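What follows is input.cif (mmCIF, C-alpha atoms).
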```
data_start
loop_
_atom_site.label_atom_id
_atom_site.label_comp_id
_atom_site.auth_asym_id
_atom_site.auth_seq_id
_atom_site.Cartn_x
_atom_site.Cartn_y
_atom_site.Cartn_z
CA MET A 28 22.95 41.81 43.93
CA ASN A 29 19.21 41.22 43.59
CA GLU A 30 18.80 39.78 40.11
CA LEU A 31 15.24 38.89 39.17
CA VAL A 32 15.36 35.41 37.65
CA VAL A 33 12.75 33.04 36.21
CA THR A 34 13.61 29.33 36.02
CA VAL A 35 11.59 26.77 34.07
CA ASP A 36 11.67 22.97 34.28
CA THR A 37 9.66 20.81 31.88
CA SER A 38 12.03 17.84 31.76
CA THR A 39 9.48 15.50 33.39
CA PRO A 40 5.67 15.45 33.80
CA ALA A 41 6.20 17.48 36.99
CA GLY A 42 6.62 20.89 35.35
CA SER A 43 7.53 23.87 37.48
CA VAL A 44 8.37 27.56 37.31
CA ALA A 45 10.29 29.49 39.98
CA LEU A 46 10.74 33.22 40.51
CA ASN A 47 13.56 34.54 42.67
CA ARG A 48 15.09 37.91 43.44
CA GLY A 49 18.68 37.22 44.31
CA ASP A 50 18.82 34.69 47.13
CA GLU A 51 15.11 35.10 47.92
CA LEU A 52 12.57 32.70 46.42
CA LEU A 53 9.51 34.80 45.65
CA GLY A 54 7.34 31.92 44.47
CA GLU A 55 7.12 28.61 42.66
CA VAL A 56 4.42 26.68 40.82
CA LEU A 57 4.75 22.88 40.56
CA LEU A 58 2.14 20.81 38.74
CA HIS A 59 2.39 17.05 38.23
CA LEU A 60 -0.78 16.51 36.26
CA ARG A 61 -1.87 14.97 32.99
CA GLY A 62 -1.55 17.07 29.88
CA THR A 63 1.18 19.12 28.28
CA HIS A 64 3.31 21.93 29.64
CA THR A 65 2.54 24.27 26.73
CA ASP A 66 -0.12 26.42 28.40
CA ARG A 67 0.77 25.79 32.02
CA ILE A 68 4.27 27.27 31.87
CA LEU A 69 3.20 30.71 30.63
CA ASN A 70 0.11 30.70 32.84
CA SER A 71 2.24 29.83 35.88
CA LEU A 72 4.80 32.50 35.03
CA ASN A 73 2.17 35.18 34.49
CA TRP A 74 0.50 34.27 37.81
CA LEU A 75 3.81 34.44 39.70
CA LEU A 76 4.69 37.83 38.22
CA ALA A 77 1.23 39.22 38.92
CA GLU A 78 1.28 38.01 42.54
CA ALA A 79 4.71 39.60 43.01
CA ASN A 80 3.50 42.85 41.36
CA LEU A 81 6.17 42.48 38.68
CA LYS A 82 6.25 42.57 34.88
CA LEU A 83 7.97 40.27 32.41
CA SER A 84 10.21 43.18 31.41
CA ASP A 85 11.58 43.21 34.98
CA VAL A 86 13.14 39.75 34.55
CA GLN A 87 16.92 39.97 34.21
CA ALA A 88 17.74 36.36 33.38
CA PHE A 89 16.13 33.03 32.63
CA GLY A 90 17.13 29.56 33.72
CA VAL A 91 15.92 26.42 32.03
CA VAL A 92 16.42 22.73 32.62
CA VAL A 93 17.88 21.37 29.37
CA GLY A 94 17.70 17.62 30.04
CA PRO A 95 17.91 14.76 29.96
CA GLY A 96 14.23 13.96 30.14
CA SER A 97 11.06 14.02 28.08
CA PHE A 98 11.92 15.04 24.52
CA THR A 99 8.60 16.85 24.07
CA GLY A 100 8.73 18.45 27.50
CA LEU A 101 12.26 19.74 26.98
CA ARG A 102 11.37 21.25 23.62
CA VAL A 103 8.37 23.06 25.13
CA GLY A 104 10.30 24.52 28.05
CA ILE A 105 13.35 25.53 26.06
CA ALA A 106 11.28 27.05 23.24
CA THR A 107 9.29 29.05 25.78
CA VAL A 108 12.41 30.39 27.48
CA LYS A 109 14.07 31.12 24.15
CA GLY A 110 11.11 33.21 23.06
CA LEU A 111 10.96 35.14 26.31
CA ALA A 112 14.73 35.69 26.41
CA TYR A 113 14.83 36.89 22.80
CA ALA A 114 12.03 39.34 23.48
CA GLY A 115 13.79 40.81 26.51
CA SER A 116 17.37 40.40 25.25
CA VAL A 117 18.33 38.77 28.54
CA PRO A 118 20.81 35.93 29.20
CA VAL A 119 19.90 32.29 29.78
CA VAL A 120 21.47 29.61 31.99
CA GLY A 121 20.96 25.91 31.26
CA VAL A 122 20.90 23.32 34.04
CA SER A 123 20.86 19.51 34.02
CA SER A 124 17.67 17.81 35.16
CA LEU A 125 19.72 15.31 37.17
CA GLU A 126 21.66 18.10 38.84
CA THR A 127 18.34 19.75 39.65
CA LEU A 128 17.18 16.59 41.42
CA ALA A 129 20.43 16.33 43.39
CA MET A 130 19.93 19.89 44.68
CA GLN A 131 17.12 18.47 46.82
CA CYS A 132 19.59 16.36 48.82
CA PRO A 133 21.86 18.91 50.54
CA ALA A 134 24.52 17.50 52.87
CA ALA A 135 23.50 13.93 52.02
CA ALA A 136 25.62 11.42 53.94
CA PHE A 137 25.83 9.08 50.93
CA PRO A 138 26.39 9.56 47.20
CA VAL A 139 23.12 10.66 45.60
CA CYS A 140 21.90 8.70 42.60
CA ALA A 141 19.51 10.88 40.59
CA MET A 142 17.34 8.71 38.35
CA ILE A 143 14.72 9.78 35.82
CA ASP A 144 12.56 7.23 34.05
CA ALA A 145 13.70 7.19 30.41
CA ARG A 146 11.11 4.57 29.37
CA LYS A 147 12.11 1.54 27.28
CA SER A 148 13.26 -0.07 30.58
CA GLU A 149 16.05 2.50 30.97
CA VAL A 150 16.86 5.43 33.24
CA TYR A 151 18.76 8.67 32.91
CA SER A 152 21.19 8.81 35.79
CA THR A 153 24.13 10.57 37.41
CA VAL A 154 25.66 9.99 40.85
CA PHE A 155 26.53 13.13 42.84
CA ASP A 156 28.43 14.17 45.94
CA CYS A 157 26.00 16.57 47.64
CA GLN A 158 28.11 17.58 50.63
CA THR A 159 29.10 20.89 49.02
CA ASP A 160 26.98 23.93 48.17
CA GLU A 161 26.15 22.49 44.75
CA PRO A 162 26.12 18.85 43.61
CA VAL A 163 29.40 17.52 42.23
CA ALA A 164 28.98 14.84 39.57
CA LEU A 165 30.84 11.61 40.31
CA THR A 166 29.69 9.94 37.08
CA CYS A 167 28.74 11.25 33.66
CA GLU A 168 25.14 11.60 32.53
CA GLN A 169 24.05 8.30 31.10
CA VAL A 170 21.03 6.36 29.89
CA LEU A 171 21.06 2.64 30.62
CA PRO A 172 19.04 -0.23 32.08
CA PRO A 173 18.70 0.19 35.86
CA GLN A 174 20.13 -3.27 36.49
CA VAL A 175 23.36 -2.32 34.69
CA LEU A 176 23.58 0.86 36.77
CA LEU A 177 23.02 -1.01 40.03
CA ASP A 178 25.57 -3.68 39.17
CA ARG A 179 28.23 -0.95 39.14
CA MET A 180 27.38 0.44 42.57
CA LYS A 181 29.29 -0.21 45.75
CA GLY A 182 28.41 1.08 49.19
CA ASP A 183 25.40 3.07 50.35
CA HIS A 184 23.53 5.38 47.99
CA LEU A 185 20.60 7.77 48.33
CA PHE A 186 18.13 7.50 45.45
CA ILE A 187 15.88 10.25 44.12
CA GLY A 188 13.67 10.77 41.09
CA SER A 189 11.00 9.02 39.05
CA GLY A 190 13.43 6.24 38.14
CA ALA A 191 14.11 5.56 41.82
CA THR A 192 10.37 5.29 42.45
CA LEU A 193 9.70 3.06 39.46
CA TYR A 194 12.57 0.66 40.19
CA ALA A 195 12.55 0.81 44.01
CA ASP A 196 12.04 -2.95 44.36
CA LEU A 197 14.91 -3.69 41.98
CA ILE A 198 17.15 -1.25 43.85
CA ARG A 199 16.38 -2.87 47.19
CA GLN A 200 16.95 -6.31 45.67
CA HIS A 201 20.43 -5.30 44.53
CA LEU A 202 21.59 -3.10 47.41
CA GLY A 203 19.52 -4.21 50.38
CA LEU A 204 20.18 -2.01 53.40
CA ARG A 205 22.67 0.04 51.38
CA ALA A 206 19.77 1.58 49.44
CA HIS A 207 18.23 4.76 50.86
CA PHE A 208 15.35 6.79 49.42
CA VAL A 209 14.16 10.36 49.78
CA PRO A 210 10.57 11.00 50.95
CA TRP A 211 8.08 10.66 48.09
CA ALA A 212 7.36 14.39 47.88
CA MET A 213 10.98 15.09 46.96
CA ASN A 214 11.06 12.90 43.85
CA PRO A 215 9.70 15.44 41.33
CA PRO A 216 12.42 17.92 40.25
CA ARG A 217 11.75 21.52 41.24
CA ALA A 218 12.57 24.68 39.33
CA SER A 219 13.57 26.30 42.63
CA GLY A 220 16.40 23.76 42.96
CA ALA A 221 17.61 24.61 39.47
CA ALA A 222 17.26 28.31 40.34
CA VAL A 223 20.00 28.04 42.96
CA ILE A 224 22.40 26.77 40.31
CA VAL A 225 21.16 29.33 37.79
CA LEU A 226 21.87 32.22 40.16
CA SER A 227 25.35 30.90 40.96
CA ARG A 228 26.25 30.57 37.28
CA LEU A 229 24.69 33.91 36.43
CA ARG A 230 26.88 35.63 39.00
CA ALA A 231 29.92 33.77 37.68
CA GLY A 232 29.18 34.96 34.16
CA LEU A 233 28.43 31.43 32.92
CA VAL A 234 25.50 32.45 30.73
CA ARG A 235 24.35 31.79 27.18
CA THR A 236 22.27 33.63 24.64
CA ALA A 237 18.83 32.25 23.83
CA HIS A 238 20.22 30.99 20.51
CA GLU A 239 22.89 28.90 22.25
CA ILE A 240 20.54 26.96 24.55
CA VAL A 241 19.69 23.51 23.17
CA PRO A 242 18.15 20.36 24.67
CA ARG A 243 20.47 17.67 26.03
CA TYR A 244 18.73 14.46 25.08
CA ILE A 245 21.59 11.93 25.60
CA ARG A 246 19.57 9.29 23.78
CA ALA A 247 18.62 9.49 20.12
CA SER A 248 14.99 10.28 19.36
CA GLU A 249 12.64 7.76 17.76
CA ALA A 250 12.91 9.64 14.47
CA GLU A 251 16.72 9.50 14.57
CA ILE A 252 16.68 5.77 15.39
CA MET A 253 14.28 5.03 12.55
CA LEU A 254 16.36 7.12 10.11
CA ALA A 255 19.55 5.33 11.15
CA SER A 256 17.88 1.94 10.67
CA LYS A 257 16.58 2.99 7.26
CA ASN A 258 20.00 4.23 6.15
CA ALA A 259 21.65 1.03 7.41
CA ALA A 260 19.16 -1.10 5.52
CA GLN A 261 19.69 0.88 2.31
CA SER A 262 23.47 0.56 2.56
CA ARG A 263 23.39 -3.23 2.66
#
```

Is it possible to give me this structure as C-alpha cells?
Amino acid sequence: MNELVVTVDTSTPAGSVALNRGDELLGEVLLHLRGTHTDRILNSLNWLLAEANLKLSDVQAFGVVVGPGSFTGLRVGIATVKGLAYAGSVPVVGVSSLETLAMQCPAAAFPVCAMIDARKSEVYSTVFDCQTDEPVALTCEQVLPPQVLLDRMKGDHLFIGSGATLYADLIRQHLGLRAHFVPWAMNPPRASGAAVIVLSRLRAGLVRTAHEIVPRYIRASEAEIMLASKNAAQSR
C-alpha cells in the first residue's frame, strides 16, 4: 500500500509538515523561528507537493499532532488540517506531541521521558518504553512542575524535548549520572516522527473524521481558569 499522507505538527514553536507515500518519506519542512504557524504550514505543504509533482487532491489522509502543547499552535494546526480534510473528504489521524517526541528515540536503552515546556514553571510529560516499533506509554500524559516529576523517577532515563532543555540543570541535580539527554538537534518534535504513527494507525483503520479531531490541552486555558475563578467568587 502506498498511501499519500500529509502530517502536520504545530504543538510547539518548531512547526513541521511531512509528506510520505507509504513507508517512503518524500519530504519534510521544519521551521523553529519566531512568528506564527498560520502562513508557514500551508506554504510548506504547497512547496512539498509542488516539489513532489503532486496535488492536494492526491492526498489520501492527514495526520495532525493534537497536543499537549501551545494552545494557539494546536488550534492553528488542527484547524488547517480540518479544513483540508473536509475539502478532500479524507480521514484524519491524531497523534500525541509527546509520542511524537519519543519516536525520535528508537531502541533507547532507558525509559524515555518526553518533556515539553508548558510555561508557568510546568512541563507536559510522558515516560515511554521505546524498545518496540512504536513508543509504549509507561505513564499518562500529565502537566506538573518538573521537580515533582523528577522526584517520582527511579533509575536511568533519557530526556528529550524543550522541557528537557529548559530544565537540564535541575534534571542533572536530581538524577546525576542517571540522566541522559538526546543531542540538541533532536529536541524539536518532527512531523515525520508523527507520520510513522499516522501510517500505522491508518492501516489499522484507527482514523477519525475531520469533525472528530479536537485539541488535547490537558491543562485548562487562561480563559477557563479566569471563568472558574469568577464563578467561584460569585458563588461565595

Here atom CA of Ser152 of chain A and atom CA of Gly94 of chain A stand apart by 11.1 Å

ask   = How would you write, as a list in words, the residues chosen by the PyMOL selection byres ((chain A and resi 236) around 10) on this structure?
value =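 Taken on the displayed file, the PyMOL selection byres ((chain A and resi 236) around 10) yields the residues Lys109, Ala112, Tyr113, Ser116, Val117, Pro118, Val119, Val120, Val234, Arg235, Ala237, His238, Glu239 and Ile240 of chain A.
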
request  = Name the residues, using the chain letters and numbers of the file, that sit within 10 Å of (9.6, 27.4, 26.0) when counting all atoms listed in the file, and give them as a count of residues only.
outcome  = 21

Practice prompt. Might you spell out which residues the PyMOL selection byres ((chain A and resi 84) around 10) would select in the displayed file, as an MDAnalysis selection string?
Written response: chainID A and resid 81:83 85:87 111 114:117

Ground truth for the PyMOL selection byres ((chain A and resi 51) around 12), written as a PDB file with C-alpha atoms, keeping the file's coordinate frame:
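Okay, this is what ended up in selection32.pdb:
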```pdb
ATOM      1  CA  MET A  28      22.950  41.810  43.930  1.00  0.00           C
ATOM      2  CA  ASN A  29      19.210  41.220  43.590  1.00  0.00           C
ATOM      3  CA  GLU A  30      18.800  39.780  40.110  1.00  0.00           C
ATOM      4  CA  LEU A  31      15.240  38.890  39.170  1.00  0.00           C
ATOM      5  CA  VAL A  32      15.360  35.410  37.650  1.00  0.00           C
ATOM      6  CA  ALA A  45      10.290  29.490  39.980  1.00  0.00           C
ATOM      7  CA  LEU A  46      10.740  33.220  40.510  1.00  0.00           C
ATOM      8  CA  ASN A  47      13.560  34.540  42.670  1.00  0.00           C
ATOM      9  CA  ARG A  48      15.090  37.910  43.440  1.00  0.00           C
ATOM     10  CA  GLY A  49      18.680  37.220  44.310  1.00  0.00           C
ATOM     11  CA  ASP A  50      18.820  34.690  47.130  1.00  0.00           C
ATOM     12  CA  LEU A  52      12.570  32.700  46.420  1.00  0.00           C
ATOM     13  CA  LEU A  53       9.510  34.800  45.650  1.00  0.00           C
ATOM     14  CA  GLY A  54       7.340  31.920  44.470  1.00  0.00           C
ATOM     15  CA  GLU A  55       7.120  28.610  42.660  1.00  0.00           C
ATOM     16  CA  SER A 219      13.570  26.300  42.630  1.00  0.00           C
ATOM     17  CA  ALA A 222      17.260  28.310  40.340  1.00  0.00           C
ATOM     18  CA  VAL A 223      20.000  28.040  42.960  1.00  0.00           C
ATOM     19  CA  LEU A 226      21.870  32.220  40.160  1.00  0.00           C
TER      20      LEU A 226
END
```

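Shortest atom-to-atom contact with Gly121 of chain A among A:Ala135, A:Val225, A:Tyr151, A:His207: A:Val225, counting only C-alpha atoms.
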
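For the atom pair formed by atom CA of Val170 of chain A and atom CA of Phe208 of chain A, the distance is 20.3 Å, given to one decimal.
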
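Across the structure, atom CA of Ser189 of chain A and atom CA of Arg146 of chain A are spaced 10.7 Å apart.
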
message = Need to verify the contact set: Gln174 of chain A, 12 Å, only C-alpha atoms, exclusion of same-chain residues closer than 2 positions in sequence. Can you return it as a list of chain:residue names?
response =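 Returned residues: A:Ser148, A:Glu149, A:Val150, A:Val170, A:Leu171, A:Pro172, A:Leu176, A:Leu177, A:Asp178, A:Arg179, A:Met180, A:Gly190, A:Ala191, A:Tyr194, A:Ala195, A:Asp196, A:Leu197, A:Ile198, A:Arg199, A:Gln200, A:His201, A:Leu202.
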
Selection file, C-alpha atoms, as a short mmCIF file (atom, residue, chain, number, x, y, z; two decimals), keeping the file's coordinate frame:
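Contents of part.cif, as written:
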```cif
data_model
loop_
_atom_site.label_atom_id
_atom_site.label_comp_id
_atom_site.auth_asym_id
_atom_site.auth_seq_id
_atom_site.Cartn_x
_atom_site.Cartn_y
_atom_site.Cartn_z
CA SER A 148 13.26 -0.07 30.58
CA GLU A 149 16.05 2.50 30.97
CA VAL A 150 16.86 5.43 33.24
CA VAL A 170 21.03 6.36 29.89
CA LEU A 171 21.06 2.64 30.62
CA PRO A 172 19.04 -0.23 32.08
CA LEU A 176 23.58 0.86 36.77
CA LEU A 177 23.02 -1.01 40.03
CA ASP A 178 25.57 -3.68 39.17
CA ARG A 179 28.23 -0.95 39.14
CA MET A 180 27.38 0.44 42.57
CA GLY A 190 13.43 6.24 38.14
CA ALA A 191 14.11 5.56 41.82
CA TYR A 194 12.57 0.66 40.19
CA ALA A 195 12.55 0.81 44.01
CA ASP A 196 12.04 -2.95 44.36
CA LEU A 197 14.91 -3.69 41.98
CA ILE A 198 17.15 -1.25 43.85
CA ARG A 199 16.38 -2.87 47.19
CA GLN A 200 16.95 -6.31 45.67
CA HIS A 201 20.43 -5.30 44.53
CA LEU A 202 21.59 -3.10 47.41
#
```

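Considering only C-alpha atoms, the residue among A:Ala145, A:Val33, A:Gln158, A:Ala231 positioned nearest to Met130 of chain A is A:Gln158.
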
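With only C-alpha atoms as the atoms that count, the minimum distance from Asp156 of chain A to the choices A:Cys132, A:Leu76, A:Met142, A:Val209 is reached by A:Cys132.
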
Write segment 170-195 of chain A as an mmCIF file, in the frame of the given file, completed to N, CA and C atoms.
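The result, stored in rebuild_9.cif:
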```cif
data_model
loop_
_atom_site.group_PDB
_atom_site.id
_atom_site.type_symbol
_atom_site.label_atom_id
_atom_site.label_comp_id
_atom_site.auth_asym_id
_atom_site.auth_seq_id
_atom_site.Cartn_x
_atom_site.Cartn_y
_atom_site.Cartn_z
ATOM 1 N N VAL A 170 22.323 7.030 30.010
ATOM 2 C CA VAL A 170 21.030 6.360 29.890
ATOM 3 C C VAL A 170 21.329 4.885 29.726
ATOM 4 N N LEU A 171 20.737 4.064 30.592
ATOM 5 C CA LEU A 171 21.060 2.640 30.620
ATOM 6 C C LEU A 171 20.008 1.882 31.410
ATOM 7 N N PRO A 172 19.967 0.551 31.271
ATOM 8 C CA PRO A 172 19.040 -0.230 32.080
ATOM 9 C C PRO A 172 19.385 -0.096 33.560
ATOM 10 N N PRO A 173 18.403 0.012 34.436
ATOM 11 C CA PRO A 173 18.700 0.190 35.860
ATOM 12 C C PRO A 173 19.538 -0.933 36.445
ATOM 13 N N GLN A 174 19.355 -2.149 35.960
ATOM 14 C CA GLN A 174 20.130 -3.270 36.490
ATOM 15 C C GLN A 174 21.618 -3.083 36.220
ATOM 16 N N VAL A 175 21.949 -2.575 35.030
ATOM 17 C CA VAL A 175 23.360 -2.320 34.690
ATOM 18 C C VAL A 175 23.924 -1.246 35.618
ATOM 19 N N LEU A 176 23.145 -0.201 35.856
ATOM 20 C CA LEU A 176 23.580 0.860 36.770
ATOM 21 C C LEU A 176 23.824 0.312 38.163
ATOM 22 N N LEU A 177 22.906 -0.485 38.668
ATOM 23 C CA LEU A 177 23.020 -1.010 40.030
ATOM 24 C C LEU A 177 24.160 -1.985 40.172
ATOM 25 N N ASP A 178 24.458 -2.738 39.130
ATOM 26 C CA ASP A 178 25.570 -3.680 39.170
ATOM 27 C C ASP A 178 26.911 -2.978 39.372
ATOM 28 N N ARG A 179 26.976 -1.712 39.019
ATOM 29 C CA ARG A 179 28.230 -0.950 39.140
ATOM 30 C C ARG A 179 28.390 -0.298 40.499
ATOM 31 N N MET A 180 27.358 -0.313 41.319
ATOM 32 C CA MET A 180 27.380 0.440 42.570
ATOM 33 C C MET A 180 27.976 -0.360 43.718
ATOM 34 N N LYS A 181 28.733 0.356 44.525
ATOM 35 C CA LYS A 181 29.290 -0.210 45.750
ATOM 36 C C LYS A 181 29.007 0.765 46.888
ATOM 37 N N GLY A 182 28.684 0.230 48.038
ATOM 38 C CA GLY A 182 28.410 1.080 49.190
ATOM 39 C C GLY A 182 27.010 1.650 49.183
ATOM 40 N N ASP A 183 26.720 2.475 50.191
ATOM 41 C CA ASP A 183 25.400 3.070 50.350
ATOM 42 C C ASP A 183 25.165 4.182 49.336
ATOM 43 N N HIS A 184 23.916 4.304 48.886
ATOM 44 C CA HIS A 184 23.530 5.380 47.990
ATOM 45 C C HIS A 184 22.137 5.884 48.378
ATOM 46 N N LEU A 185 21.915 7.166 48.148
ATOM 47 C CA LEU A 185 20.600 7.770 48.330
ATOM 48 C C LEU A 185 19.984 7.967 46.957
ATOM 49 N N PHE A 186 18.776 7.459 46.757
ATOM 50 C CA PHE A 186 18.130 7.500 45.450
ATOM 51 C C PHE A 186 17.007 8.525 45.430
ATOM 52 N N ILE A 187 16.919 9.232 44.283
ATOM 53 C CA ILE A 187 15.880 10.250 44.120
ATOM 54 C C ILE A 187 15.449 10.288 42.661
ATOM 55 N N GLY A 188 14.166 10.597 42.438
ATOM 56 C CA GLY A 188 13.670 10.770 41.090
ATOM 57 C C GLY A 188 12.655 9.717 40.684
ATOM 58 N N SER A 189 12.038 9.934 39.535
ATOM 59 C CA SER A 189 11.000 9.020 39.050
ATOM 60 C C SER A 189 11.551 7.631 38.775
ATOM 61 N N GLY A 190 12.817 7.543 38.365
ATOM 62 C CA GLY A 190 13.430 6.240 38.140
ATOM 63 C C GLY A 190 13.610 5.473 39.438
ATOM 64 N N ALA A 191 13.948 6.197 40.502
ATOM 65 C CA ALA A 191 14.110 5.560 41.820
ATOM 66 C C ALA A 191 12.782 5.021 42.315
ATOM 67 N N THR A 192 11.704 5.751 42.044
ATOM 68 C CA THR A 192 10.370 5.290 42.450
ATOM 69 C C THR A 192 9.944 4.071 41.643
ATOM 70 N N LEU A 193 10.138 4.140 40.341
ATOM 71 C CA LEU A 193 9.700 3.060 39.460
ATOM 72 C C LEU A 193 10.452 1.762 39.727
ATOM 73 N N TYR A 194 11.739 1.862 40.027
ATOM 74 C CA TYR A 194 12.570 0.660 40.190
ATOM 75 C C TYR A 194 13.003 0.442 41.642
ATOM 76 N N ALA A 195 12.201 0.926 42.580
ATOM 77 C CA ALA A 195 12.550 0.810 44.010
ATOM 78 C C ALA A 195 12.760 -0.640 44.426
#
```
